[in-house]
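Raw contents of final-v7.cif, mmCIF, C-alpha atoms and all ligand atoms:
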data_run
loop_
_atom_site.label_atom_id
_atom_site.label_comp_id
_atom_site.auth_asym_id
_atom_site.auth_seq_id
_atom_site.Cartn_x
_atom_site.Cartn_y
_atom_site.Cartn_z
CA MET B 1392 -26.48 15.87 -11.22
CA SER B 1393 -28.29 17.70 -8.42
CA GLY B 1394 -28.88 16.28 -4.95
CA GLY B 1395 -25.81 14.04 -5.06
CA TYR B 1396 -22.71 14.12 -2.91
CA ARG B 1397 -19.86 16.59 -3.31
CA VAL B 1398 -16.65 14.61 -3.64
CA ALA B 1399 -13.04 15.84 -3.39
CA VAL B 1400 -10.25 13.72 -4.88
CA VAL B 1401 -6.92 14.79 -3.36
CA GLY B 1402 -3.97 13.59 -5.46
CA ALA B 1403 -6.29 13.56 -8.46
CA THR B 1404 -3.46 13.64 -11.05
CA GLY B 1405 -1.64 10.57 -9.67
CA VAL B 1406 -2.07 6.95 -10.71
CA VAL B 1407 -4.40 6.16 -7.79
CA GLY B 1408 -6.28 9.48 -8.03
CA THR B 1409 -6.82 8.99 -11.77
CA THR B 1410 -8.19 5.49 -11.10
CA MET B 1411 -10.44 6.88 -8.34
CA ARG B 1412 -11.92 9.46 -10.69
CA SER B 1413 -12.71 6.87 -13.35
CA LEU B 1414 -14.14 4.41 -10.77
CA LEU B 1415 -16.49 7.08 -9.38
CA ARG B 1416 -17.88 7.36 -12.93
CA GLU B 1417 -17.83 3.61 -13.72
CA ARG B 1418 -19.56 2.63 -10.48
CA ARG B 1419 -22.03 5.54 -10.83
CA PHE B 1420 -21.23 6.93 -7.41
CA PRO B 1421 -24.02 9.44 -6.71
CA ALA B 1422 -21.78 12.51 -6.96
CA SER B 1423 -23.14 15.96 -7.75
CA GLU B 1424 -19.56 16.98 -8.57
CA VAL B 1425 -16.03 15.62 -8.27
CA ILE B 1426 -13.42 18.29 -7.53
CA PRO B 1427 -9.75 17.44 -8.23
CA PHE B 1428 -7.02 18.61 -5.86
CA ALA B 1429 -3.27 18.21 -6.47
CA SER B 1430 -0.01 20.05 -5.86
CA PRO B 1431 0.72 23.60 -7.08
CA ARG B 1432 2.58 21.90 -9.99
CA SER B 1433 -0.80 20.97 -11.44
CA ALA B 1434 -2.28 24.47 -11.18
CA GLY B 1435 -3.92 25.41 -14.49
CA ARG B 1436 -4.72 21.82 -15.45
CA GLU B 1437 -8.29 20.70 -15.99
CA LEU B 1438 -9.58 17.20 -15.17
CA ASP B 1439 -13.05 16.00 -16.16
CA GLY B 1440 -14.03 19.57 -16.95
CA GLN B 1441 -12.97 20.89 -13.53
CA PRO B 1442 -9.92 23.07 -12.81
CA VAL B 1443 -7.44 21.34 -10.48
CA ARG B 1444 -7.31 23.08 -7.10
CA PRO B 1445 -3.74 23.34 -5.79
CA LEU B 1446 -3.59 22.36 -2.14
CA THR B 1447 -2.25 25.56 -0.60
CA ASP B 1448 -3.35 27.71 2.33
CA GLY B 1449 -6.54 29.54 1.45
CA VAL B 1450 -7.83 26.89 -0.99
CA ASP B 1451 -11.60 26.31 -0.70
CA ILE B 1452 -12.22 22.94 0.99
CA ASP B 1453 -15.71 23.67 2.35
CA GLY B 1454 -18.89 21.77 1.59
CA PHE B 1455 -17.57 18.32 0.71
CA ASP B 1456 -19.40 15.18 1.80
CA VAL B 1457 -16.56 12.81 0.90
CA ALA B 1458 -12.83 13.37 0.34
CA LEU B 1459 -10.74 10.57 -1.17
CA PHE B 1460 -7.05 11.18 -0.40
CA SER B 1461 -4.12 9.70 -2.36
CA ALA B 1462 -1.33 12.29 -2.24
CA GLY B 1463 1.09 10.67 0.22
CA ALA B 1464 1.26 10.45 4.01
CA SER B 1465 2.62 13.94 4.76
CA ILE B 1466 -0.15 15.61 2.73
CA SER B 1467 -2.73 13.42 4.49
CA ARG B 1468 -1.36 14.29 7.93
CA GLU B 1469 -1.60 17.97 7.18
CA TRP B 1470 -4.80 18.16 5.12
CA ALA B 1471 -7.09 15.23 6.02
CA PRO B 1472 -7.93 16.70 9.48
CA ARG B 1473 -8.66 20.05 7.82
CA PHE B 1474 -11.15 18.41 5.43
CA VAL B 1475 -12.72 16.58 8.39
CA GLU B 1476 -13.02 19.85 10.28
CA ALA B 1477 -14.68 21.40 7.22
CA GLY B 1478 -17.35 18.64 7.35
CA ALA B 1479 -16.11 15.92 4.97
CA THR B 1480 -15.68 12.24 5.71
CA VAL B 1481 -12.17 11.34 4.53
CA VAL B 1482 -11.06 7.99 3.11
CA ASP B 1483 -7.27 8.07 3.19
CA ASN B 1484 -5.07 5.88 1.01
CA SER B 1485 -1.79 6.74 2.68
CA SER B 1486 -0.10 5.12 5.66
CA ALA B 1487 -0.63 8.24 7.82
CA PHE B 1488 -3.49 6.99 10.03
CA ARG B 1489 -3.56 3.20 9.62
CA ARG B 1490 -1.86 2.50 12.95
CA ASP B 1491 -4.11 4.82 14.94
CA PRO B 1492 -6.33 2.58 17.13
CA GLU B 1493 -9.12 5.20 16.93
CA ILE B 1494 -9.20 5.12 13.11
CA PRO B 1495 -10.86 2.20 11.31
CA LEU B 1496 -8.78 0.38 8.69
CA VAL B 1497 -11.38 -1.08 6.38
CA VAL B 1498 -11.59 -3.61 3.54
CA SER B 1499 -15.13 -3.49 2.18
CA GLU B 1500 -15.72 -7.28 2.00
CA VAL B 1501 -13.84 -8.11 5.21
CA ASN B 1502 -14.57 -5.69 8.08
CA PRO B 1503 -17.21 -3.12 6.98
CA HIS B 1504 -18.56 -3.18 10.57
CA ALA B 1505 -15.43 -1.21 11.57
CA LEU B 1506 -16.96 1.86 9.87
CA GLU B 1507 -19.56 2.21 12.61
CA GLY B 1508 -18.66 5.01 14.99
CA HIS B 1509 -15.92 6.48 12.77
CA ARG B 1510 -14.93 10.06 13.58
CA GLY B 1511 -14.58 11.40 10.07
CA LEU B 1512 -11.43 9.58 9.00
CA ILE B 1513 -11.20 6.07 7.56
CA ALA B 1514 -7.92 4.49 6.49
CA ASN B 1515 -7.61 2.38 3.34
CA PRO B 1516 -5.05 -0.43 3.77
CA ASN B 1517 -1.77 -0.88 1.93
CA CYS B 1518 -2.27 -2.48 -1.50
CA SER B 1519 -0.43 -5.77 -0.74
CA THR B 1520 -2.32 -6.23 2.52
CA MET B 1521 -5.66 -5.47 0.86
CA GLN B 1522 -5.58 -8.38 -1.58
CA LEU B 1523 -4.10 -10.71 1.04
CA VAL B 1524 -6.84 -10.20 3.64
CA VAL B 1525 -9.66 -10.57 1.11
CA ALA B 1526 -8.39 -14.12 0.48
CA LEU B 1527 -7.53 -14.82 4.13
CA ALA B 1528 -10.77 -13.64 5.75
CA PRO B 1529 -12.97 -16.67 5.01
CA ILE B 1530 -10.15 -19.05 5.98
CA HIS B 1531 -9.54 -17.19 9.23
CA ARG B 1532 -13.27 -17.23 10.06
CA GLU B 1533 -13.50 -21.00 9.41
CA ALA B 1534 -10.25 -22.43 10.72
CA GLY B 1535 -8.31 -19.61 12.40
CA ILE B 1536 -4.92 -18.53 11.08
CA GLU B 1537 -1.93 -19.24 13.28
CA ARG B 1538 0.90 -18.13 11.00
CA LEU B 1539 1.48 -16.73 7.52
CA VAL B 1540 4.59 -16.76 5.36
CA VAL B 1541 4.24 -14.34 2.46
CA ALA B 1542 6.52 -13.31 -0.43
CA THR B 1543 5.19 -10.44 -2.53
CA TYR B 1544 5.96 -9.68 -6.17
CA GLN B 1545 4.95 -6.00 -6.31
CA SER B 1546 4.48 -3.98 -9.48
CA VAL B 1547 6.07 -0.58 -10.02
CA SER B 1548 2.73 1.27 -10.14
CA GLY B 1549 2.59 0.61 -6.39
CA THR B 1550 5.25 3.32 -6.10
CA GLY B 1551 3.36 5.81 -8.30
CA LYS B 1552 3.62 7.41 -11.71
CA LYS B 1553 7.37 8.16 -11.61
CA ALA B 1554 8.16 4.48 -11.06
CA ILE B 1555 6.14 3.39 -14.12
CA ASP B 1556 8.08 5.93 -16.19
CA GLU B 1557 11.37 4.63 -14.74
CA LEU B 1558 10.58 1.03 -15.73
CA ASP B 1559 9.49 2.09 -19.23
CA GLU B 1560 12.58 4.25 -19.83
CA GLN B 1561 15.00 1.60 -18.58
CA ALA B 1562 13.28 -1.18 -20.55
CA ASP B 1563 13.32 0.94 -23.69
CA ALA B 1564 17.02 1.82 -23.30
CA SER B 1565 17.91 -1.78 -22.55
CA LEU B 1566 16.09 -3.11 -25.63
CA ARG B 1567 17.83 -0.50 -27.81
CA GLY B 1568 21.20 -1.54 -26.37
CA ALA B 1569 21.70 1.99 -24.94
CA ASP B 1570 23.07 2.84 -21.48
CA LEU B 1571 20.41 2.57 -18.79
CA PRO B 1572 19.31 5.93 -17.38
CA ALA B 1573 20.39 6.19 -13.72
CA PRO B 1574 17.71 4.91 -11.34
CA GLN B 1575 15.81 7.75 -9.60
CA VAL B 1576 13.00 5.93 -7.81
CA TYR B 1577 14.56 2.57 -6.87
CA PRO B 1578 18.07 1.90 -5.57
CA GLU B 1579 18.84 -0.45 -8.51
CA PRO B 1580 17.60 -0.69 -12.11
CA ILE B 1581 14.13 -2.30 -12.14
CA ALA B 1582 13.91 -3.26 -15.83
CA PHE B 1583 14.81 -6.95 -16.30
CA ASN B 1584 15.68 -7.11 -12.60
CA VAL B 1585 14.15 -8.08 -9.23
CA ILE B 1586 14.71 -6.01 -6.08
CA GLY B 1587 14.47 -8.22 -3.01
CA ALA B 1588 13.44 -5.42 -0.63
CA ALA B 1589 10.37 -3.37 -1.61
CA GLY B 1590 10.01 -0.22 0.48
CA SER B 1591 12.59 1.41 2.70
CA PHE B 1592 14.46 0.48 5.86
CA ALA B 1593 13.58 2.90 8.65
CA GLY B 1594 15.86 3.55 11.62
CA GLY B 1595 18.05 0.45 11.32
CA ASP B 1596 15.10 -1.96 10.99
CA ASP B 1597 15.91 -5.20 9.16
CA HIS B 1598 12.38 -5.29 7.67
CA THR B 1599 11.15 -2.73 5.13
CA ASP B 1600 8.25 -0.39 5.86
CA GLU B 1601 6.19 -2.36 3.31
CA GLU B 1602 6.82 -5.55 5.30
CA ARG B 1603 5.91 -3.86 8.60
CA LYS B 1604 2.69 -2.56 7.05
CA MET B 1605 1.61 -6.07 6.05
CA MET B 1606 2.41 -7.46 9.52
CA PHE B 1607 0.52 -4.73 11.37
CA GLU B 1608 -2.40 -4.20 9.01
CA THR B 1609 -3.23 -7.91 8.55
CA ARG B 1610 -3.69 -8.29 12.30
CA LYS B 1611 -5.70 -5.08 12.66
CA ILE B 1612 -8.11 -5.89 9.79
CA LEU B 1613 -8.58 -9.55 10.82
CA GLU B 1614 -8.90 -8.37 14.45
CA ASP B 1615 -6.47 -10.97 15.74
CA GLU B 1616 -3.17 -9.84 17.26
CA SER B 1617 -2.01 -13.44 17.68
CA ILE B 1618 -1.46 -14.15 13.95
CA GLY B 1619 2.22 -14.68 13.17
CA VAL B 1620 3.24 -12.93 9.94
CA SER B 1621 6.56 -13.52 8.18
CA VAL B 1622 6.88 -11.45 5.01
CA THR B 1623 9.38 -10.54 2.31
CA CYS B 1624 8.28 -7.71 -0.01
CA VAL B 1625 9.86 -7.78 -3.46
CA ARG B 1626 9.67 -5.32 -6.37
CA VAL B 1627 9.41 -6.84 -9.85
CA PRO B 1628 9.37 -5.26 -13.35
CA VAL B 1629 5.60 -5.53 -13.77
CA ARG B 1630 3.57 -2.39 -14.49
CA ILE B 1631 0.28 -3.18 -12.71
CA CYS B 1632 -0.83 -5.88 -10.20
CA HIS B 1633 0.85 -7.28 -7.14
CA SER B 1634 1.27 -11.06 -6.82
CA GLU B 1635 1.82 -13.00 -3.59
CA ALA B 1636 3.00 -16.51 -2.75
CA VAL B 1637 1.27 -17.24 0.56
CA ASN B 1638 1.68 -20.11 3.02
CA ILE B 1639 -1.09 -20.32 5.63
CA GLN B 1640 -0.86 -22.38 8.80
CA THR B 1641 -4.34 -22.77 10.28
CA ARG B 1642 -5.34 -23.54 13.88
CA GLU B 1643 -7.90 -26.17 12.83
CA PRO B 1644 -7.33 -28.58 9.95
CA LEU B 1645 -8.59 -27.28 6.57
CA SER B 1646 -8.22 -29.18 3.31
CA ALA B 1647 -7.36 -27.52 0.01
CA HIS B 1648 -10.82 -28.53 -1.21
CA GLU B 1649 -12.48 -26.80 1.77
CA ALA B 1650 -10.34 -23.68 1.23
CA ARG B 1651 -11.42 -23.60 -2.43
CA GLU B 1652 -15.08 -23.86 -1.39
CA LEU B 1653 -14.69 -21.02 1.13
CA LEU B 1654 -12.90 -18.81 -1.38
CA SER B 1655 -15.41 -19.49 -4.16
CA ALA B 1656 -18.16 -18.14 -1.84
CA MET B 1657 -16.16 -15.04 -0.83
CA PRO B 1658 -17.39 -11.79 -2.46
CA GLY B 1659 -14.62 -10.13 -4.48
CA VAL B 1660 -12.63 -13.35 -5.03
CA VAL B 1661 -12.24 -15.19 -8.35
CA LEU B 1662 -10.61 -18.61 -8.46
CA GLU B 1663 -8.27 -19.37 -11.37
CA ASP B 1664 -5.65 -22.06 -11.92
CA VAL B 1665 -2.71 -19.65 -12.16
CA PRO B 1666 -3.69 -15.96 -12.06
CA THR B 1667 -1.32 -13.49 -13.75
CA PRO B 1668 -0.86 -9.70 -13.49
CA LEU B 1669 -1.59 -9.15 -17.17
CA ARG B 1670 -4.98 -10.84 -16.88
CA ALA B 1671 -5.87 -9.29 -13.51
CA ALA B 1672 -4.96 -5.70 -14.49
CA GLY B 1673 -8.01 -3.48 -14.89
CA ARG B 1674 -10.19 -5.83 -12.83
CA ASP B 1675 -11.59 -5.19 -9.36
CA GLU B 1676 -11.43 -8.73 -7.99
CA VAL B 1677 -8.74 -10.62 -6.09
CA PHE B 1678 -7.62 -13.66 -8.10
CA VAL B 1679 -6.57 -16.77 -6.17
CA GLY B 1680 -5.00 -19.92 -7.59
CA ARG B 1681 -2.61 -22.79 -6.92
CA ILE B 1682 -4.46 -23.69 -3.71
CA ARG B 1683 -2.71 -26.79 -2.42
CA ARG B 1684 -1.74 -28.69 0.72
CA ASP B 1685 1.68 -27.85 2.10
CA GLU B 1686 3.02 -31.36 2.55
CA SER B 1687 5.59 -30.22 5.10
CA HIS B 1688 2.92 -29.40 7.74
CA PRO B 1689 -0.37 -31.08 8.75
CA ARG B 1690 -2.32 -27.79 8.92
CA ALA B 1691 -0.83 -25.65 6.16
CA LEU B 1692 -1.93 -24.57 2.69
CA SER B 1693 -0.17 -22.65 -0.06
CA MET B 1694 -1.73 -20.34 -2.62
CA TRP B 1695 -1.00 -17.62 -5.19
CA ILE B 1696 -2.89 -14.31 -5.00
CA VAL B 1697 -2.93 -11.59 -7.70
CA SER B 1698 -4.83 -8.29 -7.80
CA ASP B 1699 -4.70 -4.86 -9.43
CA ASN B 1700 -2.96 -2.66 -6.84
CA LEU B 1701 -4.42 0.54 -8.30
CA ARG B 1702 -7.97 -0.82 -8.25
CA LYS B 1703 -8.84 -3.21 -5.36
CA GLY B 1704 -5.47 -2.39 -3.75
CA ALA B 1705 -6.34 1.31 -3.59
CA ALA B 1706 -9.05 3.13 -5.57
CA THR B 1707 -11.78 0.46 -5.75
CA ASN B 1708 -11.72 -0.16 -2.01
CA ALA B 1709 -11.77 3.60 -1.31
CA VAL B 1710 -14.83 4.05 -3.53
CA GLN B 1711 -16.47 0.94 -2.01
CA ILE B 1712 -15.96 2.51 1.44
CA ALA B 1713 -17.61 5.72 0.20
CA GLU B 1714 -20.52 3.62 -1.14
CA LEU B 1715 -20.87 1.85 2.23
CA LEU B 1716 -20.86 5.20 4.05
CA VAL B 1717 -23.72 6.37 1.83
CA GLU B 1718 -25.69 3.07 2.10
CA ARG B 1719 -25.34 2.96 5.89
CA GLY B 1720 -26.03 6.65 6.48
CA LEU B 1721 -22.57 7.17 7.96
CA LEU B 1722 -21.55 10.40 6.22
CA ARG B 1723 -20.95 13.12 8.80
CA SER B 1724 -22.12 15.94 6.55
CA ARG B 1725 -25.56 14.31 6.22
CA ASP B 1726 -25.74 13.68 10.00
CA SER B 1727 -25.18 17.35 10.66
CA VAL B 1728 -27.70 18.32 7.96
CA ALA B 1729 -30.25 15.96 9.54
CA ALA B 1730 -29.47 17.09 13.12
N1 LIG R 1801 0.06 3.16 -6.21
C1 LIG R 1801 -0.55 2.27 -5.45
O1 LIG R 1801 -0.71 1.08 -5.80
C2 LIG R 1801 -1.06 2.66 -4.09
C3 LIG R 1801 -1.81 1.76 -3.38
C4 LIG R 1801 -2.28 2.10 -2.12
C5 LIG R 1801 -2.02 3.35 -1.62
N2 LIG R 1801 -1.26 4.23 -2.33
C6 LIG R 1801 -1.01 5.54 -1.75
O2 LIG R 1801 -1.66 6.55 -2.53
C7 LIG R 1801 -0.88 7.75 -2.49
C8 LIG R 1801 -0.60 8.24 -3.92
O3 LIG R 1801 0.02 7.23 -4.64
P1 LIG R 1801 0.16 7.25 -6.22
O4 LIG R 1801 0.72 5.92 -6.51
O5 LIG R 1801 -1.11 7.69 -6.91
O6 LIG R 1801 1.29 8.39 -6.44
P2 LIG R 1801 1.58 9.34 -7.69
O7 LIG R 1801 1.18 8.74 -8.98
O8 LIG R 1801 2.99 9.77 -7.52
O9 LIG R 1801 0.61 10.61 -7.42
C9 LIG R 1801 0.81 11.48 -6.33
C10 LIG R 1801 -0.33 12.48 -6.27
O10 LIG R 1801 -0.15 13.31 -5.11
C11 LIG R 1801 -0.16 14.67 -5.51
N3 LIG R 1801 0.70 15.49 -4.66
C12 LIG R 1801 2.04 15.36 -4.49
N4 LIG R 1801 2.51 16.36 -3.69
C13 LIG R 1801 1.41 17.11 -3.36
C14 LIG R 1801 1.23 18.30 -2.59
N5 LIG R 1801 2.27 18.92 -1.99
N6 LIG R 1801 -0.03 18.79 -2.48
C15 LIG R 1801 -1.06 18.18 -3.07
N7 LIG R 1801 -0.96 17.09 -3.85
C16 LIG R 1801 0.27 16.54 -3.97
C17 LIG R 1801 0.34 14.66 -6.93
O11 LIG R 1801 -0.02 15.87 -7.57
P3 LIG R 1801 0.89 16.53 -8.75
O12 LIG R 1801 0.58 15.75 -9.99
O13 LIG R 1801 0.40 17.93 -8.80
O14 LIG R 1801 2.32 16.41 -8.32
C18 LIG R 1801 -0.39 13.43 -7.46
O15 LIG R 1801 -1.74 13.77 -7.74
C19 LIG R 1801 0.35 7.43 -1.64
O16 LIG R 1801 0.05 7.79 -0.31
C20 LIG R 1801 0.45 5.94 -1.75
O17 LIG R 1801 1.12 5.36 -0.64
C21 LIG R 1801 -0.79 3.92 -3.56
#
Please go through the file and, once you have read it, give me the structure as structure tokens.
Amino acid sequence: MSGGYRVAVVGATGVVGTTMRSLLRERRFPASEVIPFASPRSAGRELDGQPVRPLTDGVDIDGFDVALFSAGASISREWAPRFVEAGATVVDNSSAFRRDPEIPLVVSEVNPHALEGHRGLIANPNCSTMQLVVALAPIHREAGIERLVVATYQSVSGTGKKAIDELDEQADASLRGADLPAPQVYPEPIAFNVIGAAGSFAGGDDHTDEERKMMFETRKILEDESIGVSVTCVRVPVRICHSEAVNIQTREPLSAHEARELLSAMPGVVLEDVPTPLRAAGRDEVFVGRIRRDESHPRALSMWIVSDNLRKGAATNAVQIAELLVERGLLRSRDSVAA
């Protein structure tokens, strides 16, 4: 297609990058070409008819309008500013820039206004936070959220391709009655198990980095530093979709019926009785169910939230941000062309 946007996908061979490439096609993003970038390990591979460009010094990164990054935080720290300098607007899936007050952290249905005035870099939130804030936003707008208590049930694809392989290999060995292969990705076997601490403990912290991300990012996206967030992140032997048991204490009274009404009007939310990962996988929406009064508190509700971590939790939101940048005329490359 001529006259479209030149798009780079960095981390194109990974589970998120693969989903990004298919979403760009599915959603008919107006791309003139989509160029895959990955590590030198992927040199020689071809994706969608394009040779993979290994991200090494000297690689051609000029002329991109949009760069979607999903290759990990250290790659983003090193390469995202270089793509920005070369003229691209970068949407970064890693945790590298989310805490930077100068960099917007955007969920397309929740705070698209934060894109205004961006300086070339936009951060995509952590997958567990993404689905949470889509469900929380209309409740926060209506009644204010005082405190949240969240327990996540996170799938292995949230850790990437190697973790899916680890679950499959352990499950296969276990069902055959063979010895389990030694865990490589997680500290304990994940097949037929539950690991009560998803993420890692940094510098003696008693919360994992996943838990800290949800605490920080929820407040930044909802633009309210006063929200109390108590969270336990848990890894479960599910391939795709994160689930969350969420207790919400509001500032103003809000009935379960009112919460249901608010959520049914929220773009990107689907109400179901009891959403499950198997049904939500491959879908772009956030599924919310079991909305009920918490009888232990006069202003608290409980609910169950499920969404595909590779889609809305990562790739779908990144592509939606790219679409918003195009719709709102916020791509830097086009500004400089117009100027
Ligand atoms: N999985 C999720 O649900 C999710 C959700 C939100 C955000 N994220 C974030 O997205 C990023 C990728 O996650 P993933 O789950 O897709 O991981 P993954 O399946 O392990 O894929 C990693 C990707 O990064 C590339 N890569 C690794 N080292 C590289 C290097 N030195 N230079 C260039 N490319 C390199 C890999 O290329 P090779 O194939 O060549 O090694 C691969 O394309 C992470 O920052 C993660 O935190 C993931």
Test item: residues at most 8 Å from region 1581-1586 of chain B, only C-alpha atoms, excluding those fewer than 6 positions along its chain, as a JSON list (two decimals) with C-alpha atoms, in the frame of the given file:
[["chain", "number", "residue", "atom", "x", "y", "z"],
["B", 1557, "GLU", "CA", 11.37, 4.63, -14.74],
["B", 1558, "LEU", "CA", 10.58, 1.03, -15.73],
["B", 1559, "ASP", "CA", 9.49, 2.09, -19.23],
["B", 1561, "GLN", "CA", 15.00, 1.60, -18.58],
["B", 1562, "ALA", "CA", 13.28, -1.18, -20.55],
["B", 1565, "SER", "CA", 17.91, -1.78, -22.55],
["B", 1625, "VAL", "CA", 9.86, -7.78, -3.46],
["B", 1626, "ARG", "CA", 9.67, -5.32, -6.37],
["B", 1627, "VAL", "CA", 9.41, -6.84, -9.85],
["B", 1628, "PRO", "CA", 9.37, -5.26, -13.35]]
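CA of Ile1555 (chain B) sits 11.1 Å away from CA of Tyr1577 (chain B).
Nearest residue to ligand LIG 1801 (chain R), choosing from B:Thr1480, B:Ser1465, B:Thr1550, B:Gln1522 and counting all atoms listed in the file: B:Thr1550.
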For this session: All residues within 8 Å of ligand LIG 1801 (chain R) are required, counting all atoms listed in the file; please report them as JSON, numbers by chain.
Result: {"B": [1401, 1402, 1403, 1404, 1405, 1406, 1407, 1408, 1409, 1428, 1429, 1430, 1431, 1432, 1433, 1434, 1445, 1446, 1447, 1460, 1461, 1462, 1463, 1464, 1466, 1467, 1484, 1485, 1486, 1515, 1516, 1517, 1518, 1548, 1549, 1550, 1551, 1552, 1553, 1700, 1701, 1702, 1704, 1705, 1706]}
Seminar exercise, completed: Restricting to only C-alpha atoms, whichever of B:Gln1575, B:Thr1543, B:Thr1641, B:Ser1693 is closest to Gly1680 (chain B) is B:Ser1693
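Taking CA of Leu1539 (chain B) and CA of Ala1554 (chain B) as endpoints, the distance between them is 29.0 Å.
Nearest residue to Ile1682 (chain B) among B:Ala1647, B:Ala1569, B:Val1665, B:Val1501 is B:Ala1647, counting only C-alpha atoms.
Across the model, the gap from CA of Ser1698 (chain B) to CA of Thr1667 (chain B) is 8.6 Å.
For the set B:Ala1573, B:Leu1613, B:Val1541, B:Val1457, the residue with the smallest atom-to-atom gap to Val1497 (chain B) is B:Leu1613, counting only C-alpha atoms.
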For this session: Return the single residue from B:Asp1451, B:Glu1718, B:Glu1500, B:Glu1649 that is closest to Ala1534 (chain B), with distances computed using only C-alpha atoms.
Result: B:Glu1649
For this session: Name the residues within 12 Å of (-4.9, 27.2, 7.4), counting only C-alpha atoms in the file's coordinates, and put them as a PyMOL selection string.
Result: chain B and resi 1446-1452+1469-1470+1472-1474+1476-1477
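Residue nearest Ser1546 (chain B) within the list B:Gln1441, B:Ser1519, B:Ser1621, B:Ser1687: B:Ser1519 [criterion: smallest interatomic distance, all atoms listed in the file].
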